[in-house]
Amino acid sequence: MIGRRVQSMSEIERPGDYFGPVRGYTGNLEACFFLKPNARDEDVPARSRSVQHVCSPPHTYRECPDGSLEIRNSISNLTASDVGGASDDGWHGWLDEGHSWRLA
């Protein structure tokens, strides 16, 4: 899926939209906020439909020449506190150069 980089949290509307990195929402950590590609799929858990985020550290961001953002390490399908898989939102992967969302 090809997403789009938006300029504010309020512009995150459709699957693949993302905003950041930005400070101030998660303390001193840089964060990137997004709707995962499966956010509007039928039968996904409620958490999948919500704006999620990753922080740096542990993730890293790379500003790409085309204006897109690359996020590494992979964006998990589980919450940080989940050890048994109960929070699985159905999408695990990366945001690559070109606003491209890629499944793991």
# chains A, B, ... in the order shown; residues from 1 in each chain; ligands from 1

call {"tool": "closest_atom_pairs", "arguments": {"of": "region 13-49 of chain A", "to": "region 60-74 of chain A", "cutoff": "10 Å", "atoms": "only C-alpha atoms", "output": "JSON lines"}}
result
{"residue": "A:Tyr18", "atom": "CA", "partner": "A:Leu69", "partner_atom": "CA", "distance": 9.1}
{"residue": "A:Phe19", "atom": "CA", "partner": "A:Leu69", "partner_atom": "CA", "distance": 9.4}
{"residue": "A:Gly20", "atom": "CA", "partner": "A:Leu69", "partner_atom": "CA", "distance": 8.5}
{"residue": "A:Pro21", "atom": "CA", "partner": "A:Tyr61", "partner_atom": "CA", "distance": 7.6}
{"residue": "A:Glu30", "atom": "CA", "partner": "A:Tyr61", "partner_atom": "CA", "distance": 9.3}
{"residue": "A:Ala31", "atom": "CA", "partner": "A:Tyr61", "partner_atom": "CA", "distance": 9.5}
{"residue": "A:Cys32", "atom": "CA", "partner": "A:Ile71", "partner_atom": "CA", "distance": 8.7}

call {"tool": "atom_distance", "arguments": {"atom1": "CA of Ala86 (chain A)", "atom2": "CA of Ala104 (chain A)"}}
result
18.9 Å

call {"tool": "residues_around", "arguments": {"residues": "Leu35 (chain A)", "least_positions_apart": "2", "cutoff": "10 Å", "atoms": "only C-alpha atoms", "output": "short mmCIF file (atom, residue, chain, number, x, y, z; two decimals) with N, CA and C atoms, in the first residue's frame"}}
result
data_model
loop_
_atom_site.label_atom_id
_atom_site.label_comp_id
_atom_site.auth_asym_id
_atom_site.auth_seq_id
_atom_site.Cartn_x
_atom_site.Cartn_y
_atom_site.Cartn_z
N GLY A 3 0.98 4.96 1.22
CA GLY A 3 0.32 5.85 2.15
C GLY A 3 0.62 7.30 1.82
N ILE A 12 -4.67 12.72 9.93
CA ILE A 12 -4.62 11.26 9.80
C ILE A 12 -6.05 10.77 9.68
N GLU A 13 -6.41 10.33 8.47
CA GLU A 13 -7.80 9.97 8.18
C GLU A 13 -7.98 8.57 7.61
N ARG A 14 -7.04 8.15 6.77
CA ARG A 14 -7.23 6.89 6.05
C ARG A 14 -6.03 5.96 6.24
N PRO A 15 -6.24 4.67 6.00
CA PRO A 15 -5.15 3.72 6.16
C PRO A 15 -3.91 4.16 5.38
N GLY A 16 -2.76 4.07 6.06
CA GLY A 16 -1.50 4.45 5.44
C GLY A 16 -1.08 5.88 5.72
N ASP A 17 -1.97 6.72 6.26
CA ASP A 17 -1.59 8.08 6.63
C ASP A 17 -0.64 8.04 7.81
N TYR A 18 0.35 8.94 7.82
CA TYR A 18 1.28 9.02 8.95
C TYR A 18 1.75 10.44 9.15
N PHE A 19 2.15 10.73 10.39
CA PHE A 19 2.59 12.06 10.80
C PHE A 19 3.79 11.93 11.71
N PHE A 33 3.10 8.83 14.26
CA PHE A 33 1.72 8.37 14.43
C PHE A 33 1.16 7.95 13.08
N PRO A 37 -2.19 -0.04 7.48
CA PRO A 37 -2.91 -0.35 6.25
C PRO A 37 -4.20 -1.14 6.43
N ASN A 38 -4.32 -1.89 7.50
CA ASN A 38 -5.54 -2.69 7.72
C ASN A 38 -6.59 -1.97 8.56
N ALA A 39 -6.42 -0.68 8.80
CA ALA A 39 -7.27 0.06 9.74
C ALA A 39 -8.75 0.07 9.37
N ARG A 40 -9.10 -0.11 8.12
CA ARG A 40 -10.51 -0.09 7.71
C ARG A 40 -10.99 -1.44 7.18
N SER A 48 -6.98 -1.92 15.88
CA SER A 48 -6.49 -1.72 14.51
C SER A 48 -7.07 -0.48 13.87
N ARG A 49 -8.23 -0.06 14.31
CA ARG A 49 -8.93 1.09 13.71
C ARG A 49 -8.46 2.42 14.29
N SER A 50 -7.61 2.37 15.31
CA SER A 50 -7.16 3.58 16.00
C SER A 50 -5.78 4.03 15.51
N VAL A 51 -5.51 5.31 15.69
CA VAL A 51 -4.17 5.83 15.41
C VAL A 51 -3.21 5.19 16.40
N GLN A 52 -2.12 4.66 15.88
CA GLN A 52 -1.08 4.05 16.70
C GLN A 52 0.21 4.84 16.52
N HIS A 53 1.24 4.49 17.29
CA HIS A 53 2.51 5.20 17.15
C HIS A 53 3.68 4.30 17.52
#

call {"tool": "closest_residue", "arguments": {"among": "A:Phe34, A:Ala80, A:Asp88, A:Trp94", "to": "Arg5 (chain A)", "atoms": "only C-alpha atoms"}}
result
A:Phe34
